Amino acid sequence: MIFQYVRKTLTTLFFFLSILMTITTAQGAVREYWIAAEKMPWNYAPSGKNLIHEEDGLNVWGQTLVYTKYRYIGYTDGSYKKPIEQPEWMGILGPQLRAVVGDTLKVHFLNKTDHPLSMHPHGVLYDKDNEGADGGKGASILPGKSYTYTWIADENAGPGPSDPSSIVWLYHSHVMSDDETSLGLIGTIVVTRAGSQSSESNPKPQDVDHEFTALFLIFNEENDEESGMKHTINGRIFGNLPGYNTYVGERVRWHLIALGNEQDNHSIHWHGQTVLHHGRRTDVIELMPASMTSADMVPRSAGNWLFHCHVDDHMTAGMSTRWQVKSR
Ligand SMILES: [Cu+2]
């Protein structure tokens with residue numbers, strides 16, 4: 001009798017517990033970020049050298065290397081005192097926001113500059129006030145003001161059937177739009193398929209060892225003068241972007257993005273290795289402005305390999321860096 005009563009109570013309890021767990025899982029995590037827009041100097045080639053072919057020098061593109069840029073800077077909390085450190089290979093990119101399908105991103109934005117600015121995301125679910133463009137409350141945040149954007153990584157923001165376990169989306173300022181990305185206000189959102197995350201607190205996919213992001217963009221610094229056309233990968237030219245470091249046999253994912261104008265048609269090429277891109281094997285991937293795509297590789301050959309845009313003029317102008325594969 002007592003045994004039956006205990007069993008019944010336990011069964012009911014487990015039933016309600018499982019419903020509660022389903023609801024919690026369905027709601028996902030709320031991931032909070034603090035990002036300020038800041039005006040600061042940016043050096044396109046901190047070494048002052050052409051690190052791909054040193055003897056060629058930096059040509060006209062080396063006449064001026066430091067310009068004033070606007071950037072998204074991530075902070076640990078709402079005091080905006082302690083910036084979050086980024087790996088060197090991220091260059092000029094803003095903080096990488098991460099979510100698992102089902103999660104909500106709460107992005108607190110503080111405009112520390114002298115321009116009205118915003119954060120407009122691709123891919124994620126938002127309402128008009130959280131679009132960061134075209135009229136809603138978050139469309140234009142005045143200097144000194146802050147705004148909190150709420151973006152949802154729903155099923156439609158996550159990897160599709162032919163995608164790898166995580167995919168990349170752009171975010172950028174969208175007040176004046178056309179010349180704004182050239183200011184430097186660009187970052188990425190990576191969304192992981194539900195169930196593929198490393199743990200509840202770590203949304204990175206468990207089936208990769210490295211996820212690298214590379215932005216191909218020609219910054220126009222001097223009203224179309226060639227010396228001001230900075231052909232960059234993550235805001236660096238002529239090999240001045242270190243940190244793409246891997247080992248033979250690791251699982252490496254490349255999130256590739258582009259922005260810019262009609263000259264920003266890029267063909268991204270790795271030396272030493274092929275990638276798997278939507279089921280297709282290649283070592284060159286085409287990007288047009290605002291393209292976002294992801295490709296996977298397992299490095300097989302040790303070396304300090306070229307990683308560059310294969311368009312001739314872009315190569316000559318320094319749209320190159322290296323990625324390193326060490327043997328174990
Ligand atoms: Cu190119």
# chains A, B, ... in the order shown; residues from 1 in each chain; ligands from 1

$ residues_near_ligand --ligand "ligand 1" --cutoff "9 Å" --atoms "only C-alpha atoms and all ligand atoms" --output "list of chain:residue names"
A:Phe216, A:Leu217, A:Ile218, A:His231, A:Thr232, A:Gln263, A:Asp264, A:Asn265, A:His266, A:Ser267, A:Ile268, A:Leu287, A:His308, A:Cys309, A:His310, A:Val311, A:Asp312, A:Asp313, A:His314, A:Met315, A:Met319

$ select_by_dssp --residues "stretch 55-266 of chain A" --states "strand (DSSP E or B)" --output "ChimeraX atom specification"
/A:66-75,83,97-100,104-111,117,120-121,125,141,146-152,166-172,186-192,197,205,210-220,229-233,236,245-247,252-258,266

$ residues_around --residues "A:Met176" --least-positions-apart "3" --cutoff "9 Å" --atoms "only C-alpha atoms" --output "NGL selection string"
:A and (116-117 or 173 or 179-180)

$ closest_atom_pairs --of "stretch 238-266 of chain A" --to "stretch 183-199 of chain A" --cutoff "12 Å" --atoms "only C-alpha atoms" --output "tab-separated table"
residue	atom	partner	partner_atom	distance
A:Arg253	CA	A:Val190	CA	11.6
A:Trp254	CA	A:Val190	CA	11.4
A:His255	CA	A:Val190	CA	8.7
A:Leu256	CA	A:Thr188	CA	10.1
A:Ile257	CA	A:Thr188	CA	8.8
A:Ala258	CA	A:Ile186	CA	10.2
A:Leu259	CA	A:Ile186	CA	9.1
A:Gly260	CA	A:Leu183	CA	11.0

$ closest_residue --among "A:Asp103, A:Gly57, A:Trp305, A:Pro95" --to "A:Pro203" --atoms "only C-alpha atoms"
A:Asp103

$ closest_atom_pairs --of "stretch 288-328 of chain A" --to "stretch 155-172 of chain A" --cutoff "9 Å" --atoms "only C-alpha atoms" --output "Markdown table"
| residue | atom | partner | partner_atom | distance |
| --- | --- | --- | --- | --- |
| A:Ala290 | CA | A:Leu170 | CA | 7.7 |
| A:Ser291 | CA | A:Leu170 | CA | 8.8 |
| A:Met292 | CA | A:Val168 | CA | 6.3 |
| A:Thr293 | CA | A:Val168 | CA | 6.6 |
| A:Ser294 | CA | A:Ile167 | CA | 6.2 |
| A:Ala295 | CA | A:Pro164 | CA | 7.9 |
| A:Asp296 | CA | A:Pro164 | CA | 7.9 |

$ write_last_selection --atoms "N, CA and C atoms" --output "short mmCIF file (atom, residue, chain, number, x, y, z; two decimals), in the first residue's frame"
data_model
loop_
_atom_site.label_atom_id
_atom_site.label_comp_id
_atom_site.auth_asym_id
_atom_site.auth_seq_id
_atom_site.Cartn_x
_atom_site.Cartn_y
_atom_site.Cartn_z
N ALA A 290 28.65 41.59 -48.15
CA ALA A 290 27.66 41.06 -47.19
C ALA A 290 27.46 39.54 -47.31
N SER A 291 28.39 38.85 -47.98
CA SER A 291 28.35 37.38 -47.96
C SER A 291 28.76 36.87 -46.59
N MET A 292 28.17 35.74 -46.19
CA MET A 292 28.53 35.09 -44.93
C MET A 292 28.50 33.60 -45.20
N THR A 293 29.61 32.93 -44.97
CA THR A 293 29.61 31.49 -45.21
C THR A 293 30.66 30.81 -44.32
N SER A 294 30.53 29.50 -44.16
CA SER A 294 31.43 28.77 -43.26
C SER A 294 31.95 27.53 -43.96
N ALA A 295 33.22 27.22 -43.73
CA ALA A 295 33.84 26.05 -44.35
C ALA A 295 34.71 25.32 -43.33
N ASP A 296 34.79 24.00 -43.47
CA ASP A 296 35.53 23.18 -42.51
C ASP A 296 36.77 22.56 -43.14
#

$ closest_residue --among "A:Glu88, A:Asp283, A:Glu131, A:Glu38" --to "A:Asp114" --atoms "only C-alpha atoms"
A:Glu38

$ select_by_dssp --residues "stretch 34-136 of chain A" --states "helix (DSSP H, G or I)" --output "JSON, numbers by chain"
{"A": [54, 55, 56, 59, 60, 61, 62, 88, 89, 90, 128, 129, 130]}

$ closest_residue --among "A:Gly123, A:Pro143, A:Pro83, A:Gly78" --to "A:Lys39" --atoms "only C-alpha atoms"
A:Pro143

$ atom_distance --atom1 "atom CA of A:Asn304" --atom2 "atom CA of A:Thr321"
9.9 Å

$ atom_distance --atom1 "atom CA of A:Leu65" --atom2 "atom CA of A:Gly94"
20.3 Å

$ atom_distance --atom1 "atom CA of A:Gln324" --atom2 "atom CA of A:Gly91"
16.8 Å

$ residues_around --residues "A:Gly48" --least-positions-apart "3" --cutoff "10 Å" --atoms "only C-alpha atoms" --output "MDAnalysis selection string"
chainID A and resid 43:45 51 57:58 62 65 238 240

$ closest_residue --among "A:Ile73, A:Val284, A:Ala302, A:Leu93" --to "A:Gly235" --atoms "only C-alpha atoms"
A:Leu93

$ decode --residues "stretch 68-80 of chain A" --atoms "all heavy atoms" --output "compact mmCIF listing (two decimals), in the first residue's frame"
# COMPACT_ATOMS: atom_id res chain seq x y z
N THR A 68 41.92 57.26 -38.20
CA THR A 68 40.93 57.21 -37.11
C THR A 68 39.78 56.30 -37.53
O THR A 68 39.21 56.50 -38.61
CB THR A 68 40.39 58.62 -36.81
OG1 THR A 68 41.50 59.43 -36.45
CG2 THR A 68 39.38 58.59 -35.67
N LYS A 69 39.48 55.30 -36.71
CA LYS A 69 38.37 54.40 -37.00
C LYS A 69 37.35 54.43 -35.87
O LYS A 69 37.63 54.90 -34.77
CB LYS A 69 38.86 52.94 -37.16
CG LYS A 69 39.96 52.71 -38.16
CD LYS A 69 39.68 53.29 -39.52
CE LYS A 69 38.53 52.60 -40.27
NZ LYS A 69 38.23 53.38 -41.51
N TYR A 70 36.17 53.90 -36.16
CA TYR A 70 35.15 53.66 -35.15
C TYR A 70 35.07 52.14 -34.99
O TYR A 70 35.03 51.42 -35.98
CB TYR A 70 33.80 54.19 -35.62
CG TYR A 70 33.72 55.70 -35.69
CD1 TYR A 70 34.45 56.41 -36.62
CD2 TYR A 70 32.89 56.40 -34.81
CE1 TYR A 70 34.38 57.78 -36.69
CE2 TYR A 70 32.80 57.78 -34.89
CZ TYR A 70 33.55 58.47 -35.83
OH TYR A 70 33.46 59.84 -35.90
N ARG A 71 35.06 51.68 -33.75
CA ARG A 71 35.02 50.23 -33.55
C ARG A 71 34.03 49.85 -32.46
O ARG A 71 33.73 50.65 -31.58
CB ARG A 71 36.41 49.72 -33.15
CG ARG A 71 37.46 49.84 -34.23
CD ARG A 71 38.79 49.28 -33.74
NE ARG A 71 38.67 47.89 -33.33
CZ ARG A 71 39.49 47.29 -32.48
NH1 ARG A 71 40.49 47.95 -31.94
NH2 ARG A 71 39.31 46.02 -32.18
N TYR A 72 33.54 48.60 -32.54
CA TYR A 72 32.75 48.02 -31.45
C TYR A 72 33.72 47.36 -30.47
O TYR A 72 34.49 46.47 -30.86
CB TYR A 72 31.82 46.94 -31.99
CG TYR A 72 30.66 47.43 -32.84
CD1 TYR A 72 30.49 46.95 -34.14
CD2 TYR A 72 29.72 48.32 -32.33
CE1 TYR A 72 29.41 47.35 -34.91
CE2 TYR A 72 28.63 48.73 -33.11
CZ TYR A 72 28.48 48.24 -34.40
OH TYR A 72 27.42 48.63 -35.16
N ILE A 73 33.69 47.79 -29.21
CA ILE A 73 34.56 47.21 -28.20
C ILE A 73 33.70 46.53 -27.13
O ILE A 73 32.76 47.14 -26.59
CB ILE A 73 35.43 48.31 -27.52
CG1 ILE A 73 36.20 49.13 -28.58
CG2 ILE A 73 36.39 47.69 -26.50
CD1 ILE A 73 37.27 48.37 -29.34
N GLY A 74 34.02 45.27 -26.82
CA GLY A 74 33.27 44.50 -25.82
C GLY A 74 33.78 44.75 -24.41
O GLY A 74 35.00 44.91 -24.21
N TYR A 75 32.87 44.84 -23.44
CA TYR A 75 33.24 45.02 -22.03
C TYR A 75 32.65 43.91 -21.18
O TYR A 75 31.67 43.26 -21.57
CB TYR A 75 32.76 46.39 -21.54
CG TYR A 75 33.62 47.52 -22.06
CD1 TYR A 75 33.32 48.12 -23.29
CD2 TYR A 75 34.73 47.97 -21.38
CE1 TYR A 75 34.11 49.13 -23.80
CE2 TYR A 75 35.53 48.99 -21.88
CZ TYR A 75 35.21 49.56 -23.08
OH TYR A 75 36.01 50.57 -23.59
N THR A 76 33.26 43.71 -20.00
CA THR A 76 32.82 42.60 -19.14
C THR A 76 31.47 42.87 -18.50
O THR A 76 30.73 41.94 -18.19
CB THR A 76 33.84 42.34 -18.01
OG1 THR A 76 34.09 43.59 -17.34
CG2 THR A 76 35.16 41.80 -18.56
N ASP A 77 31.12 44.15 -18.26
CA ASP A 77 29.83 44.46 -17.65
C ASP A 77 29.41 45.91 -17.94
O ASP A 77 30.10 46.63 -18.68
CB ASP A 77 29.87 44.22 -16.13
CG ASP A 77 30.97 45.05 -15.45
OD1 ASP A 77 31.11 46.24 -15.80
OD2 ASP A 77 31.68 44.49 -14.60
N GLY A 78 28.31 46.31 -17.32
CA GLY A 78 27.69 47.61 -17.60
C GLY A 78 28.46 48.83 -17.10
O GLY A 78 28.04 49.96 -17.34
N SER A 79 29.58 48.59 -16.40
CA SER A 79 30.40 49.74 -16.00
C SER A 79 31.27 50.21 -17.17
O SER A 79 31.84 51.30 -17.13
CB SER A 79 31.29 49.38 -14.80
OG SER A 79 32.25 48.42 -15.20
N TYR A 80 31.37 49.39 -18.21
CA TYR A 80 32.18 49.68 -19.40
C TYR A 80 33.61 50.09 -19.02
O TYR A 80 34.16 51.03 -19.57
CB TYR A 80 31.51 50.77 -20.27
CG TYR A 80 30.24 50.30 -20.91
CD1 TYR A 80 29.00 50.52 -20.29
CD2 TYR A 80 30.24 49.62 -22.12
CE1 TYR A 80 27.82 50.07 -20.87
CE2 TYR A 80 29.06 49.17 -22.70
CZ TYR A 80 27.86 49.40 -22.07
OH TYR A 80 26.70 48.96 -22.66
